[in-house]
>>> print(open('input_1.txt').read())   # compact mmCIF, C-alpha atoms
# COMPACT_ATOMS: atom_id res chain seq x y z
CA MET A 1 -14.62 39.77 -30.55
CA THR A 2 -17.74 37.86 -29.59
CA MET A 3 -17.11 34.52 -27.97
CA PRO A 4 -18.98 31.59 -29.45
CA SER A 5 -21.75 30.29 -27.25
CA VAL A 6 -23.63 27.04 -27.14
CA SER A 7 -26.51 25.37 -25.32
CA PHE A 8 -27.97 21.95 -25.94
CA PRO A 9 -30.82 19.69 -24.92
CA SER A 10 -30.19 17.38 -21.99
CA PRO A 11 -27.60 14.66 -22.62
CA PRO A 12 -28.79 11.07 -22.73
CA SER A 13 -29.02 9.27 -19.41
CA THR A 14 -27.17 6.29 -20.79
CA LEU A 15 -24.29 6.11 -23.21
CA PRO A 16 -25.20 5.64 -26.88
CA GLN A 17 -24.48 2.18 -28.23
CA GLU A 18 -22.77 1.46 -31.52
CA ARG A 19 -25.31 0.96 -34.31
CA ASN A 20 -25.72 -2.50 -35.81
CA PRO A 21 -27.96 -2.40 -38.96
CA SER A 22 -28.54 -6.17 -39.08
CA ARG A 23 -29.51 -6.17 -35.41
CA GLU A 24 -31.94 -3.29 -36.07
CA CYS A 25 -33.59 -5.25 -38.89
CA ALA A 26 -33.93 -8.27 -36.62
CA ASP A 27 -35.39 -6.09 -33.92
CA ARG A 28 -38.02 -4.78 -36.35
CA ASP A 29 -38.91 -8.31 -37.40
CA GLU A 30 -39.25 -9.38 -33.77
CA HIS A 31 -41.39 -6.32 -33.02
CA ASP A 32 -43.91 -7.35 -35.66
CA GLY A 33 -44.73 -10.45 -33.59
CA ARG A 34 -45.07 -8.73 -30.21
CA ASP A 35 -48.20 -7.25 -28.67
CA GLU A 36 -48.49 -3.69 -27.39
CA SER A 37 -48.45 -4.74 -23.72
CA SER A 38 -44.99 -6.20 -24.23
CA ASP A 39 -43.85 -2.93 -25.81
CA ASP A 40 -45.24 -0.96 -22.86
CA SER A 41 -43.43 -3.21 -20.37
CA GLU A 42 -40.17 -2.79 -22.22
CA ALA A 43 -40.67 0.97 -22.38
CA ARG A 44 -41.23 1.14 -18.63
CA ALA A 45 -38.19 -1.03 -18.01
CA GLY A 46 -36.11 1.17 -20.30
CA SER A 47 -37.31 4.29 -18.52
CA LEU A 48 -36.38 2.76 -15.16
CA ARG A 49 -32.93 1.81 -16.43
CA GLY A 50 -32.48 5.36 -17.69
CA LYS A 51 -33.38 6.84 -14.31
CA GLU A 52 -31.05 4.43 -12.54
CA ALA A 53 -28.22 5.35 -14.91
CA GLU A 54 -28.85 9.05 -14.36
CA HIS A 55 -28.89 8.56 -10.59
CA GLU A 56 -25.58 6.70 -10.81
CA LEU A 57 -24.03 9.56 -12.81
CA VAL A 58 -25.15 12.08 -10.20
CA GLN A 59 -23.74 10.00 -7.35
CA ARG A 60 -20.42 9.42 -9.14
CA ASP A 61 -20.07 13.13 -9.83
CA ARG A 62 -20.84 14.02 -6.22
CA MET A 63 -18.22 11.59 -4.96
CA ALA A 64 -15.65 12.92 -7.44
CA SER A 65 -16.38 16.50 -6.31
CA LEU A 66 -16.11 15.61 -2.63
CA GLY A 67 -12.83 13.82 -3.26
CA THR A 68 -11.42 16.90 -4.97
CA LEU A 69 -12.63 19.12 -2.14
CA SER A 70 -11.32 17.03 0.76
CA ALA A 71 -7.87 18.64 0.84
CA GLY A 72 -9.38 22.11 0.59
CA VAL A 73 -11.84 21.41 3.39
CA ALA A 74 -9.03 20.17 5.63
CA HIS A 75 -7.13 23.40 4.93
CA GLN A 76 -10.16 25.58 5.71
CA ILE A 77 -10.69 23.75 9.00
CA ASN A 78 -7.06 23.39 10.08
CA ASN A 79 -6.25 27.10 9.74
CA PRO A 80 -8.92 28.33 12.19
CA LEU A 81 -8.32 25.29 14.41
CA THR A 82 -4.71 26.39 14.72
CA TYR A 83 -5.56 29.76 16.24
CA ILE A 84 -8.49 28.32 18.20
CA LEU A 85 -6.18 25.88 19.98
CA ALA A 86 -3.35 28.41 20.32
CA ASN A 87 -5.64 30.99 21.93
CA LEU A 88 -7.29 28.46 24.23
CA ASP A 89 -3.90 27.08 25.27
CA HIS A 90 -2.74 30.61 26.09
CA VAL A 91 -5.82 31.36 28.23
CA LEU A 92 -5.64 27.97 29.94
CA ARG A 93 -1.98 28.46 30.90
CA LYS A 94 -2.78 31.87 32.35
CA LEU A 95 -5.73 30.51 34.35
CA ARG A 96 -3.66 27.59 35.68
CA ALA A 97 -0.93 29.97 36.78
CA ALA A 98 -3.53 32.20 38.46
CA SER A 99 -5.15 29.29 40.27
CA ALA A 100 -1.77 28.28 41.72
CA SER A 101 -0.85 31.83 42.72
CA ASP A 102 -1.33 33.51 46.10
CA ASP A 103 -2.72 36.50 44.23
CA PRO A 104 -4.79 35.17 41.29
CA LEU A 105 -5.98 38.60 40.15
CA ALA A 106 -2.44 39.97 39.99
CA GLU A 107 -1.33 36.91 38.06
CA LEU A 108 -4.15 37.32 35.52
CA THR A 109 -3.46 41.01 35.00
CA SER A 110 0.30 40.61 34.67
CA GLY A 111 2.08 40.47 31.33
CA GLU A 112 3.20 43.06 28.83
CA GLY A 113 0.22 44.63 27.05
CA GLU A 114 -1.97 41.75 28.14
CA GLY A 115 -4.06 41.63 31.28
CA LEU A 116 -7.68 40.55 31.41
CA SER A 117 -8.54 42.40 28.21
CA GLY A 118 -5.91 40.35 26.39
CA LEU A 119 -7.41 37.11 27.68
CA VAL A 120 -10.86 38.25 26.56
CA GLU A 121 -9.46 39.05 23.11
CA SER A 122 -7.88 35.58 22.89
CA LEU A 123 -11.20 33.96 23.70
CA GLU A 124 -13.02 36.14 21.17
CA HIS A 125 -10.56 35.05 18.47
CA ALA A 126 -11.12 31.42 19.43
CA VAL A 127 -14.90 31.86 19.19
CA ASN A 128 -14.57 33.53 15.79
CA GLY A 129 -12.44 30.63 14.58
CA ALA A 130 -15.01 28.14 15.83
CA HIS A 131 -17.70 29.99 13.86
CA ARG A 132 -15.53 29.67 10.74
CA VAL A 133 -15.23 25.92 11.26
CA ARG A 134 -18.99 25.67 11.80
CA GLN A 135 -19.64 27.44 8.49
CA VAL A 136 -17.23 25.13 6.64
CA THR A 137 -18.97 22.03 7.97
CA ARG A 138 -22.39 23.43 7.10
CA ASP A 139 -21.24 24.24 3.58
CA LEU A 140 -19.89 20.70 3.25
CA LEU A 141 -23.18 19.23 4.48
CA THR A 142 -24.97 21.10 1.70
CA PHE A 143 -23.17 18.92 -0.84
CA SER A 144 -22.60 15.66 1.01
CA GLN A 145 -25.83 14.97 2.91
CA GLY A 146 -28.61 16.65 0.97
CA ASN A 147 -31.49 14.53 -0.27
CA ILE A 148 -30.79 14.79 -3.99
CA GLU A 149 -34.31 13.73 -4.95
CA GLN A 150 -36.41 16.21 -2.95
CA ASN A 151 -37.12 19.75 -4.12
CA ARG A 152 -37.99 22.71 -1.91
CA ILE A 153 -37.79 26.51 -1.95
CA VAL A 154 -34.09 27.36 -2.20
CA ASP A 155 -32.10 30.55 -1.60
CA VAL A 156 -29.97 30.47 -4.77
CA ARG A 157 -27.56 33.15 -3.62
CA GLY A 158 -26.97 31.31 -0.35
CA VAL A 159 -26.19 28.07 -2.18
CA LEU A 160 -23.86 29.95 -4.55
CA GLU A 161 -22.07 31.55 -1.59
CA SER A 162 -21.58 28.14 0.04
CA ALA A 163 -20.24 26.68 -3.20
CA THR A 164 -17.82 29.58 -3.55
CA GLN A 165 -16.54 29.05 0.00
CA MET A 166 -16.07 25.34 -0.62
CA ALA A 167 -14.15 25.97 -3.86
CA TRP A 168 -12.04 28.77 -2.40
CA HIS A 169 -9.03 26.55 -1.65
CA GLU A 170 -8.89 25.57 -5.32
CA ILE A 171 -9.39 29.16 -6.50
CA ARG A 172 -7.09 31.12 -4.19
CA HIS A 173 -3.86 29.87 -5.79
CA LYS A 174 -5.12 30.43 -9.32
CA ALA A 175 -6.98 33.74 -9.49
CA ARG A 176 -8.58 36.68 -7.74
CA LEU A 177 -12.16 36.01 -6.73
CA THR A 178 -14.67 38.77 -7.43
CA LYS A 179 -18.30 38.59 -6.32
CA ARG A 180 -21.16 40.67 -7.66
CA MET A 181 -24.13 39.02 -6.05
CA ALA A 182 -27.32 41.01 -6.50
CA GLU A 183 -30.64 39.83 -5.07
CA VAL A 184 -32.29 37.00 -6.97
CA PRO A 185 -35.68 35.33 -6.44
CA PRO A 186 -35.85 31.99 -4.63
CA VAL A 187 -36.30 28.95 -6.86
CA GLU A 188 -37.89 25.56 -6.43
CA GLY A 189 -35.07 23.04 -6.54
CA ASN A 190 -32.70 20.92 -4.52
CA GLU A 191 -30.01 22.55 -2.45
CA ALA A 192 -27.53 19.69 -2.79
CA ARG A 193 -27.88 19.36 -6.55
CA LEU A 194 -27.79 23.12 -7.19
CA GLY A 195 -24.70 23.34 -5.00
CA GLN A 196 -23.18 20.58 -7.09
CA VAL A 197 -23.92 22.54 -10.28
CA PHE A 198 -22.19 25.69 -9.03
CA MET A 199 -19.33 23.67 -7.55
CA ASN A 200 -18.68 21.90 -10.85
CA ILE A 201 -18.54 25.20 -12.75
CA LEU A 202 -16.29 26.86 -10.15
CA MET A 203 -13.90 23.91 -10.10
CA ASN A 204 -13.75 23.91 -13.91
CA ALA A 205 -13.00 27.63 -13.85
CA ALA A 206 -10.14 27.17 -11.38
CA GLN A 207 -8.71 24.23 -13.28
CA ALA A 208 -8.73 26.24 -16.53
CA ILE A 209 -6.23 28.71 -15.05
CA PRO A 210 -2.50 27.87 -14.78
CA GLU A 211 -0.85 28.03 -11.37
CA GLY A 212 1.51 30.80 -10.38
CA GLU A 213 -0.31 33.72 -12.03
CA ALA A 214 -3.07 34.45 -9.51
CA ASP A 215 -2.65 38.22 -9.79
CA ALA A 216 -3.12 38.06 -13.56
CA HIS A 217 -6.36 36.05 -13.52
CA GLU A 218 -9.86 36.50 -12.18
CA ILE A 219 -12.92 34.38 -11.49
CA LEU A 220 -16.08 36.47 -11.38
CA VAL A 221 -19.16 35.10 -9.64
CA ALA A 222 -22.29 37.15 -10.30
CA SER A 223 -26.02 36.85 -9.69
CA ARG A 224 -28.85 39.00 -11.02
CA THR A 225 -32.52 38.95 -11.94
CA ASP A 226 -33.35 39.18 -15.63
CA ALA A 227 -36.27 41.01 -17.27
CA GLU A 228 -38.49 37.93 -16.99
CA GLY A 229 -37.87 37.63 -13.25
CA ASN A 230 -35.55 34.61 -13.53
CA ALA A 231 -32.54 34.05 -11.29
CA VAL A 232 -29.36 34.31 -13.37
CA ILE A 233 -25.99 33.03 -12.17
CA GLU A 234 -22.86 33.77 -14.21
CA ILE A 235 -19.39 32.39 -13.51
CA THR A 236 -16.63 33.81 -15.68
CA ASP A 237 -12.94 32.92 -15.72
CA THR A 238 -9.94 34.29 -17.59
CA GLY A 239 -8.51 30.82 -18.20
CA ILE A 240 -7.43 29.00 -21.33
CA GLY A 241 -10.92 28.83 -22.81
CA ILE A 242 -12.52 26.09 -24.91
CA ALA A 243 -11.87 25.49 -28.59
CA GLU A 244 -14.87 26.24 -30.80
CA ASP A 245 -14.95 22.72 -32.21
CA GLN A 246 -15.18 21.30 -28.65
CA LEU A 247 -18.01 23.54 -27.44
CA PRO A 248 -20.80 21.30 -28.82
CA PHE A 249 -19.58 18.45 -26.59
CA VAL A 250 -18.98 20.12 -23.21
CA PHE A 251 -22.26 18.81 -21.75
CA ASP A 252 -21.85 15.28 -23.09
CA PRO A 253 -21.30 12.53 -20.50
CA PHE A 254 -17.63 11.52 -20.17
CA PHE A 255 -16.38 14.27 -22.47
CA THR A 256 -13.37 15.98 -20.90
CA THR A 257 -10.37 18.01 -21.99
CA LYS A 258 -8.57 17.24 -18.69
CA GLY A 259 -6.38 14.18 -18.47
CA ASP A 260 -7.62 13.32 -14.97
CA GLY A 261 -11.23 14.46 -15.43
CA THR A 262 -14.27 12.21 -15.23
CA GLY A 263 -16.34 14.07 -17.83
CA LEU A 264 -19.38 13.86 -15.55
CA GLY A 265 -19.58 17.27 -13.87
CA LEU A 266 -21.01 19.40 -16.66
CA ALA A 267 -23.25 16.62 -17.98
CA VAL A 268 -24.81 16.15 -14.55
CA SER A 269 -25.06 19.92 -14.05
CA HIS A 270 -26.82 20.31 -17.38
CA GLY A 271 -29.32 17.59 -16.53
CA THR A 272 -30.01 19.13 -13.10
CA VAL A 273 -30.68 22.60 -14.49
CA LYS A 274 -32.91 21.29 -17.30
CA SER A 275 -34.89 19.17 -14.83
CA LEU A 276 -35.76 22.41 -12.97
CA GLY A 277 -37.01 24.00 -16.16
CA GLY A 278 -33.93 26.19 -16.42
CA ALA A 279 -31.14 26.61 -18.92
CA ILE A 280 -27.35 26.42 -18.80
CA THR A 281 -25.19 27.91 -21.55
CA VAL A 282 -21.51 28.43 -22.16
CA GLU A 283 -19.58 31.13 -24.00
CA SER A 284 -15.88 30.66 -24.59
CA GLU A 285 -12.95 31.64 -26.74
CA LEU A 286 -9.70 29.71 -26.88
CA GLY A 287 -7.22 31.77 -24.88
CA GLY A 288 -9.95 34.25 -23.91
CA GLY A 289 -11.72 32.67 -20.97
CA THR A 290 -15.14 31.12 -20.41
CA THR A 291 -18.52 32.14 -19.04
CA PHE A 292 -21.14 29.67 -17.83
CA ARG A 293 -24.62 31.06 -17.36
CA VAL A 294 -27.37 29.32 -15.37
CA VAL A 295 -30.94 30.64 -15.64
CA LEU A 296 -33.55 29.37 -13.17
CA ARG A 297 -37.26 30.12 -13.02
CA PRO A 298 -38.51 31.79 -9.81
CA ALA A 299 -40.47 29.74 -7.31
CA LYS A 300 -44.23 30.22 -7.15
CA THR A 301 -44.12 30.59 -3.37
CA ALA A 302 -41.85 32.85 -1.34
CA LEU A 303 -38.99 31.72 0.85
CA VAL A 304 -39.84 32.22 4.53
CA PRO A 305 -36.78 33.64 6.30
CA ALA A 306 -35.66 32.19 9.61
CA SER A 307 -36.57 34.36 12.58
CA SER A 308 -33.72 36.55 13.76
CA HIS A 309 -35.57 37.77 16.86
CA PHE A 310 -33.65 37.14 20.08
CA LEU A 311 -35.32 37.59 23.43
CA ASP A 312 -33.52 39.25 26.33
CA VAL A 313 -33.18 36.22 28.61
CA ARG A 314 -32.36 38.39 31.61
CA ALA A 315 -35.99 39.57 31.78
CA VAL A 316 -37.44 36.04 31.71
CA GLU A 317 -38.25 33.77 34.63
CA PRO A 318 -35.90 30.74 34.76
CA ARG A 319 -37.05 27.65 32.88
CA ARG A 320 -36.61 24.03 33.83
CA VAL A 321 -34.54 22.38 31.08
CA LEU A 322 -33.63 18.74 30.43
CA ILE A 323 -30.68 18.10 28.11
CA ILE A 324 -30.34 14.70 26.42
CA ASP A 325 -27.12 13.87 24.55
CA ASP A 326 -25.07 10.70 24.54
CA GLU A 327 -21.91 12.84 24.34
CA ARG A 328 -21.49 13.89 27.99
CA LEU A 329 -19.03 16.68 27.18
CA VAL A 330 -21.52 18.21 24.72
CA ALA A 331 -24.39 18.01 27.22
CA ASP A 332 -22.33 19.46 30.08
CA ALA A 333 -21.08 22.35 27.95
CA ILE A 334 -24.62 23.29 26.92
CA ALA A 335 -25.79 22.95 30.52
CA ARG A 336 -23.08 25.37 31.72
CA SER A 337 -24.13 27.89 29.07
CA LEU A 338 -27.80 27.75 30.16
CA ALA A 339 -27.33 27.31 33.91
CA ASP A 340 -26.99 31.02 34.77
CA ASP A 341 -30.60 31.68 33.76
CA ASN A 342 -32.29 28.26 34.07
CA GLN A 343 -32.58 25.10 36.14
CA VAL A 344 -30.78 22.50 34.01
CA GLU A 345 -30.53 18.71 34.26
CA VAL A 346 -28.52 16.36 32.04
CA VAL A 347 -28.99 12.73 30.98
CA THR A 348 -27.01 10.80 28.38
CA ASP A 349 -29.71 8.30 27.38
CA ALA A 350 -33.17 9.06 26.01
CA ARG A 351 -34.53 6.09 27.96
CA GLN A 352 -33.54 7.84 31.19
CA ALA A 353 -35.38 10.95 30.04
CA LEU A 354 -38.48 8.95 29.19
CA ALA A 355 -38.39 7.29 32.62
CA ARG A 356 -38.30 10.71 34.30
CA LEU A 357 -41.24 11.92 32.23
CA ASP A 358 -43.19 8.74 32.98
CA ALA A 359 -42.53 9.31 36.68
CA GLY A 360 -44.21 12.72 36.48
CA GLU A 361 -41.20 15.01 36.06
CA ARG A 362 -42.08 18.00 33.90
CA TYR A 363 -39.78 20.37 32.00
CA ASP A 364 -40.40 23.62 30.19
CA VAL A 365 -37.88 22.59 27.52
CA VAL A 366 -36.43 19.22 26.55
CA LEU A 367 -33.31 19.67 24.40
CA CYS A 368 -32.68 16.34 22.70
CA ASP A 369 -29.99 15.05 20.35
CA LEU A 370 -31.51 13.51 17.23
CA MET A 371 -29.10 10.61 16.67
CA MET A 372 -28.25 8.47 19.71
CA PRO A 373 -27.30 4.76 19.83
CA ALA A 374 -29.82 3.22 22.24
CA MET A 375 -32.92 5.36 21.75
CA THR A 376 -32.94 8.14 19.18
CA GLY A 377 -34.55 11.53 19.58
CA MET A 378 -37.05 10.43 16.94
CA ASP A 379 -38.01 7.40 19.05
CA LEU A 380 -38.34 9.57 22.15
CA TYR A 381 -40.59 12.00 20.29
CA ALA A 382 -42.85 9.15 19.14
CA GLU A 383 -43.18 7.88 22.72
CA VAL A 384 -43.89 11.36 24.08
CA VAL A 385 -46.58 11.90 21.42
CA ARG A 386 -48.13 8.56 22.36
CA ARG A 387 -47.93 8.84 26.15
CA MET A 388 -48.00 12.58 26.93
CA PRO A 389 -48.87 14.47 23.72
CA LYS A 390 -49.11 17.88 25.40
CA LEU A 391 -45.36 17.77 26.06
CA ALA A 392 -44.35 16.99 22.47
CA SER A 393 -44.18 20.67 21.48
CA ARG A 394 -41.63 21.32 24.24
CA LEU A 395 -38.94 19.24 22.53
CA ILE A 396 -36.11 21.05 20.75
CA PHE A 397 -33.87 18.83 18.65
CA MET A 398 -30.19 19.23 17.87
CA THR A 399 -28.10 17.31 15.38
CA GLY A 400 -24.54 17.03 14.18
CA GLY A 401 -25.93 15.99 10.79
CA ALA A 402 -29.12 14.19 9.76
CA PHE A 403 -27.22 11.58 7.76
CA THR A 404 -29.98 8.97 7.42
CA GLN A 405 -33.05 9.18 5.22
CA ARG A 406 -35.26 8.61 8.25
CA ALA A 407 -33.65 11.50 10.13
CA ARG A 408 -34.02 13.89 7.20
CA ALA A 409 -37.65 12.89 6.72
CA PHE A 410 -38.30 13.38 10.45
CA MET A 411 -36.79 16.87 10.49
CA GLU A 412 -38.95 17.85 7.53
CA SER A 413 -42.14 16.46 9.09
CA VAL A 414 -42.07 17.95 12.62
CA LYS A 415 -42.69 21.57 13.55
CA ASN A 416 -40.32 21.47 16.53
CA PRO A 417 -37.14 23.57 16.24
CA CYS A 418 -34.09 21.59 15.11
CA LEU A 419 -30.68 23.19 15.72
CA GLU A 420 -27.52 22.19 13.90
CA LYS A 421 -24.35 21.53 15.87
CA PRO A 422 -22.24 23.44 16.68
CA LEU A 423 -25.17 25.23 18.28
CA ASP A 424 -25.86 28.93 18.00
CA MET A 425 -26.09 29.47 21.76
CA GLY A 426 -27.76 32.86 21.39
CA ARG A 427 -30.58 31.32 19.42
CA LEU A 428 -30.88 28.41 21.87
CA ARG A 429 -31.09 30.74 24.88
CA SER A 430 -33.76 32.74 23.07
CA LEU A 431 -35.79 29.59 22.30
CA VAL A 432 -35.56 28.48 25.93
CA ALA A 433 -36.60 31.93 27.18
CA ARG A 434 -39.61 32.01 24.86
CA ALA A 435 -40.84 28.60 25.98
CA GLY A 436 -43.94 28.78 28.16
CA ARG A 437 -43.89 27.45 31.70
CA VAL A 438 -45.25 23.94 32.07
CA SER A 439 -48.47 23.79 34.06
>>> encode(input="input_1.txt", output="structure tokens")
Amino acid sequence: MTMPSVSFPSPPSTLPQERNPSRECADRDEHDGRDESSDDSEARAGSLRGKEAEHELVQRDRMASLGTLSAGVAHQINNPLTYILANLDHVLRKLRAASASDDPLAELTSGEGEGLSGLVESLEHAVNGAHRVRQVTRDLLTFSQGNIEQNRIVDVRGVLESATQMAWHEIRHKARLTKRMAEVPPVEGNEARLGQVFMNILMNAAQAIPEGEADAHEILVASRTDAEGNAVIEITDTGIGIAEDQLPFVFDPFFTTKGDGTGLGLAVSHGTVKSLGGAITVESELGGGTTFRVVLRPAKTALVPASSHFLDVRAVEPRRVLIIDDERLVADAIARSLADDNQVEVVTDARQALARLDAGERYDVVLCDLMMPAMTGMDLYAEVVRRMPKLASRLIFMTGGAFTQRARAFMESVKNPCLEKPLDMGRLRSLVARAGRVS
């Protein structure tokens, strides 16, 4: 049996008002006495109000989505944190015992089936857990901090993968998750808003499936390229489905079949996809599941992949590195990681760094935190450009999250590398090794 499908033009940005025939007649009479400039002003004002209303809908939907995800995010972070801390505690206890022993090596190698290899394994597990936490926070940043107004070349499959990871806590108790993600072309869009689209559909799919029957249900996430070269995303669930008489309203603002739903998610998703020149459709059968299909036009320019080339730092002459971070523990940890191959200095205030540079100190690399209370990395960069422009290219920025509009605009405007915390230390060591020596 073929499931009924439906797609519609974009929903209105503002809610329709109840018609009043007498008011409409009065409006027509008043219009006869107005000039065209007044009409144009009112049209512009109406357009502005419409955009403001649409922006408010997007923001409300994002907040609702983040609220729903908060428990799931905590679960995804707390699980790896548990074995990170357990493994670190185990290694720390062994090292403390060894340091207090007359024979430290014997103490470290003692223990049933353990020894040094066991300690190494514990540390490897802790590192793997930390990488999991890092990925969760980066996925969350995709939806919570993205500039929802700015478009760029986007890796659709990467955004879909992040959305799937973020929705996993909601899915795992409801259904099996199957992925069939073929290559798709990059599109011109907004990472945060596209992530919101996929998140809304995934959350709807999970919520359409009753609890307690995970083995009997499936959510299929698929990507492909169609004959016209478009990126196609399909999310199918085996949930309760949508009644045929309700299908025409699924993209309407505030329409919901869930008692606790806002009715914003699909309306906002529909508007986002249409604004990118794409299409979103739904096929469903009551009791037979639902498929949402998103079709996006390919970008005119290609996505430039990040370089994966890592230099062997052992073959490179040591560099002189200055680390600037107001979190002393962060700065010291990075310094320890770089100190075997480089001459490293640490300051916790960008003003101290600027004073050293003004005094004639020169560094091959200046690793600087972007957001600091007294003087930001952005402010330091501006002063370096003004006072000693040849050194500006030697700055590498790091950030725990560019959460201000100014910070995001800065990161997009400079050519300097900007690393997200937690740092990929392999990439950082490679960047430091590739830096030229200061003359």
>>> atom_distance(input="input_1.txt", atom1="atom CA of A:Leu116", atom2="atom CA of A:Ala339")
23.8 Å
>>> closest_residue(input="input_1.txt", among="A:Val273, A:Ala222, A:Phe410, A:Arg427", to="A:Ala382", atoms="all atoms listed in the file")
A:Phe410
>>> residues_around(input="input_1.txt", residues="A:Gly189", least_positions_apart="5", cutoff="7 Å", atoms="all atoms listed in the file", output="mmCIF file with C-alpha atoms, in the frame of the given file")
data_model
loop_
_atom_site.group_PDB
_atom_site.id
_atom_site.type_symbol
_atom_site.label_atom_id
_atom_site.label_comp_id
_atom_site.auth_asym_id
_atom_site.auth_seq_id
_atom_site.Cartn_x
_atom_site.Cartn_y
_atom_site.Cartn_z
ATOM 1 C CA ASN A 151 -37.120 19.750 -4.120
ATOM 2 C CA ARG A 152 -37.990 22.710 -1.910
ATOM 3 C CA ILE A 153 -37.790 26.510 -1.950
ATOM 4 C CA VAL A 154 -34.090 27.360 -2.200
ATOM 5 C CA LEU A 276 -35.760 22.410 -12.970
#
>>> residues_around(input="input_1.txt", residues="stretch 196-213 of chain A", least_positions_apart="6", cutoff="6 Å", atoms="only C-alpha atoms", output="ChimeraX atom specification")
/A:163,171,174,237,239-240,265,269
>>> residues_around(input="input_1.txt", residues="A:Leu380", least_positions_apart="3", cutoff="9 Å", atoms="only C-alpha atoms", output="list of chain:residue names")
A:Ala350, A:Arg351, A:Ala353, A:Leu354, A:Cys368, A:Met375, A:Thr376, A:Gly377, A:Glu383, A:Val384, A:Val385
>>> residues_near_point(input="input_1.txt", point="(-32.8, 24.5, 33.8)", cutoff="9 Å", atoms="all atoms listed in the file", output="MDAnalysis selection string")
chainID A and resid 318:323 335 338:345 363:365
>>> build_atoms(input="input_1.txt", residues="stretch 385-400 of chain A", atoms="N, CA and C atoms", output="PDB file, keeping the file's coordinate frame")
ATOM      1  N   VAL A 385     -45.309  11.654  22.115  1.00  0.00           N
ATOM      2  CA  VAL A 385     -46.580  11.900  21.420  1.00  0.00           C
ATOM      3  C   VAL A 385     -47.616  10.873  21.844  1.00  0.00           C
ATOM      4  N   ARG A 386     -47.196   9.633  22.015  1.00  0.00           N
ATOM      5  CA  ARG A 386     -48.130   8.560  22.360  1.00  0.00           C
ATOM      6  C   ARG A 386     -48.575   8.631  23.819  1.00  0.00           C
ATOM      7  N   ARG A 387     -47.628   8.924  24.725  1.00  0.00           N
ATOM      8  CA  ARG A 387     -47.930   8.840  26.150  1.00  0.00           C
ATOM      9  C   ARG A 387     -48.357  10.171  26.770  1.00  0.00           C
ATOM     10  N   MET A 388     -47.734  11.264  26.334  1.00  0.00           N
ATOM     11  CA  MET A 388     -48.000  12.580  26.930  1.00  0.00           C
ATOM     12  C   MET A 388     -47.955  13.637  25.837  1.00  0.00           C
ATOM     13  N   PRO A 389     -48.926  13.631  24.927  1.00  0.00           N
ATOM     14  CA  PRO A 389     -48.870  14.470  23.720  1.00  0.00           C
ATOM     15  C   PRO A 389     -48.728  15.964  23.978  1.00  0.00           C
ATOM     16  N   LYS A 390     -49.204  16.452  25.126  1.00  0.00           N
ATOM     17  CA  LYS A 390     -49.110  17.880  25.400  1.00  0.00           C
ATOM     18  C   LYS A 390     -47.664  18.341  25.576  1.00  0.00           C
ATOM     19  N   LEU A 391     -46.760  17.408  25.863  1.00  0.00           N
ATOM     20  CA  LEU A 391     -45.360  17.770  26.060  1.00  0.00           C
ATOM     21  C   LEU A 391     -44.549  17.729  24.773  1.00  0.00           C
ATOM     22  N   ALA A 392     -45.112  17.179  23.706  1.00  0.00           N
ATOM     23  CA  ALA A 392     -44.350  16.990  22.470  1.00  0.00           C
ATOM     24  C   ALA A 392     -43.819  18.304  21.912  1.00  0.00           C
ATOM     25  N   SER A 393     -44.595  19.378  22.050  1.00  0.00           N
ATOM     26  CA  SER A 393     -44.180  20.670  21.480  1.00  0.00           C
ATOM     27  C   SER A 393     -43.024  21.293  22.250  1.00  0.00           C
ATOM     28  N   ARG A 394     -42.707  20.760  23.432  1.00  0.00           N
ATOM     29  CA  ARG A 394     -41.630  21.320  24.240  1.00  0.00           C
ATOM     30  C   ARG A 394     -40.256  20.760  23.872  1.00  0.00           C
ATOM     31  N   LEU A 395     -40.208  19.807  22.949  1.00  0.00           N
ATOM     32  CA  LEU A 395     -38.940  19.240  22.530  1.00  0.00           C
ATOM     33  C   LEU A 395     -38.244  20.137  21.505  1.00  0.00           C
ATOM     34  N   ILE A 396     -36.976  20.383  21.717  1.00  0.00           N
ATOM     35  CA  ILE A 396     -36.110  21.050  20.750  1.00  0.00           C
ATOM     36  C   ILE A 396     -35.023  20.049  20.373  1.00  0.00           C
ATOM     37  N   PHE A 397     -34.853  19.818  19.089  1.00  0.00           N
ATOM     38  CA  PHE A 397     -33.870  18.830  18.650  1.00  0.00           C
ATOM     39  C   PHE A 397     -32.576  19.501  18.220  1.00  0.00           C
ATOM     40  N   MET A 398     -31.492  18.768  18.358  1.00  0.00           N
ATOM     41  CA  MET A 398     -30.190  19.230  17.870  1.00  0.00           C
ATOM     42  C   MET A 398     -29.514  18.053  17.175  1.00  0.00           C
ATOM     43  N   THR A 399     -28.725  18.370  16.162  1.00  0.00           N
ATOM     44  CA  THR A 399     -28.100  17.310  15.380  1.00  0.00           C
ATOM     45  C   THR A 399     -26.759  17.736  14.832  1.00  0.00           C
ATOM     46  N   GLY A 400     -25.835  16.807  14.817  1.00  0.00           N
ATOM     47  CA  GLY A 400     -24.540  17.030  14.180  1.00  0.00           C
ATOM     48  C   GLY A 400     -24.591  16.726  12.703  1.00  0.00           C
TER      49      GLY A 400
END
